[in-house]
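Asker: I'd like to ask you about the structure that follows.
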Amino acid sequence: MIRLEQINRSFEVGDETVHALRDVTLDLATGDYISIMGPSGSGKSTLLNILGLLDQPDSGHYFLDETDTTTLNETDQAVARRDHIGFVFQSFHLIPRLNAAQNVELPLILAGIEPGERAERVAKALELMGLSDRAKHRPDQLSGGQRQRVAIARATIMQPALLLADEPTGNLDKHSGDEVIQTLEALNQQGITLVVVTHDPEIGSRASRTIRMVDGAIVGEIPRSSPGGTTP
Amino acid sequence: MKLADAFSFGIQALTGARSRTWLMLLAMAIGVASVIILTALGEGARRYVANEFSSLGSHLIIVIPGKIETTGDSPPLIGGTARDLTLDDALALERSSAIQLIAPLALGAAPISYRQLERDITVMGSTAALMPVRNLELARGKFLPEADPTRESAITVIGDKLKKELFGNKRALGEWIRIHDRRFRVIGILKPLGESLGMDIGDIAVIPVASAQSLFNTEGLFRILVQAEGRESVPRAKQAVIDIIKKRHDNEEDITVITQDALLSTFDGIFRSLTYTVAGIASISLAVAGILIMNVMLVAVSQRTAEIGLIKAIGGKREEIMRLFLIEAGLLSAAGAAIGIIIAYSSIWVMGQLYPEFPLIIPLWSLASALGISLITGLLFGILPARRAARLDPIVALAGR
């Protein structure tokens, strides 16, 4: 489903050139559950941004569903993000003036879906996250875990094939973090491809595949036979 | 993204940041209100002058000795003419069917005295027709009687201000006053009419035209005031005046004929351009409002970086983000303009209550242009912030400040 070929990405920081990604090659199958681990500055987030089409590689190819995304223009990439990719961020990124339902609704609005259908899908998504009674609450009236689940509902409302989570539990306590991870894993079991970037070895080790990154390169991969979510 | 959704998103964003929104609304409202109020004042001044002119008497034609080649200027006070305009010329005009009334006018300055009091005033020699032609009204007594205009008569009608200065509260009717070296009996007192055509009606003495001619020792008339039969016969009357005088003056057209329409349109033009000027000045405040909107929108963009990054991440296209911010700017301008219109109408209503004689009317074009300019400035100055928002790098935007 996803193939990265010889991806390179470097940034100019002052006089120095920082190689965030070096010759990264990676294959992901539909329904994969993969965690990306590594120290700060190892290129995890850059890899995630490239997977999420927020960033473009300097060289190499990124095939998403047989499409070489490096050939797409900005507008097509935005459409691809909207229709195929969901993001979950460490700091949730909910719009503070909008309530939970309105936040979840945003991608549907961008996609130009009719209000009637939108309301239906938002209600269903919130119900799935166990947040039906919080629909009219603004983010500041929700707990951290609830906020992240609203963000997950938003990320999945367009039924994307790929869900990217950048330190999804980074701002949460242990209990809320576990809930969020379980929610993500449940989605993965329904067939969504899940990529989680994390520092936390405990969370990283739950994935069916774990990729270790150091200095912009993939240095190792730990495949597991058992699918994620079922390991205790 | 549907347009209706974009609008409701914009409204949510604006109501979400109340103080910022109110600030921008206020700026736009003041700009729009000042454009409308100032144009209404200019337009009011124009109408006021037009009304003043029509109080001179309608269908008025003014005949001045001497030919002036240029038009649109105020009539010259001293006509450099070879031939005088005589009383006979004036009387000859009565033959035209297009002309209803003529009032010959001989003018001069003379000392006027009653007992020990003496004043220098304007003496107007005319006939009974002056009263209807100039829409004069009497406070007391009678006006000059219908009589042979070529005959002298020692009677006078004086302005109310002159009456007060000479007689105070005493009775003036029937009294004898001295103009220059002659004695005249006061037979009437004019009602104050205010300034008209640059002449203070309160401060004059009207005497029969033949008396004025002999008083000032001149055959020539200062003016002939002609009243046409009706508004539509003004051009015909004008032509008749030119034809008759020309025939009498050896086929030489040595007079200038001014119709009130021409005067009116001159003043109309002046005040119209004044109104445009004032409106132009006022629209500077609209531009200032536009710049304020731009600044505040730029601040809004930087405050909402994370939001913009998020919208990009979940699939918002560059042009969609641009449109969102432009819609916000447009909504602000439109709402600000609406508030401005309300302010303008209410302050003009208040001014109308305070100065009822001044005709304050908001011209439709000023309303339309104020609305248009506010929308254009709002959108124009909204483009820069909107572009900045649309071009934000989503990764940087999401990373926060």
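By order in the structure tokens, chains are A, B, ...; within a chain, residues start at 1; ligands start at 1, following the order shown.
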May I ask you to extract the residues of chain A within 7 Å of chain B, using only C-alpha atoms, and to give them as a PyMOL selection string?
Answerer: chain A and resi 54+75+78-79+81-82+86+93+95+97+107+109-112
Asker: Go through range 38-86 of chain A and collect every residue that DSSP, computed from the backbone, puts in helix (DSSP H, G or I); the answer should be as a PyMOL selection string.
Answerer: chain A and resi 44-51+69-71+74-84
Asker: Quick one: everything within 9 Å of Phe216 in chain B, counting only C-alpha atoms, minus sequence neighbours fewer than 4 positions away in the same chain. Send it as an NGL selection string.
Answerer: :B and (106-110 or 211-212)
Asker: Between B:Leu138, B:Ile245, B:Met28, B:Met351, which residue has the minimum interatomic distance to Ile201 in chain B, considering only C-alpha atoms?
Answerer: B:Leu138
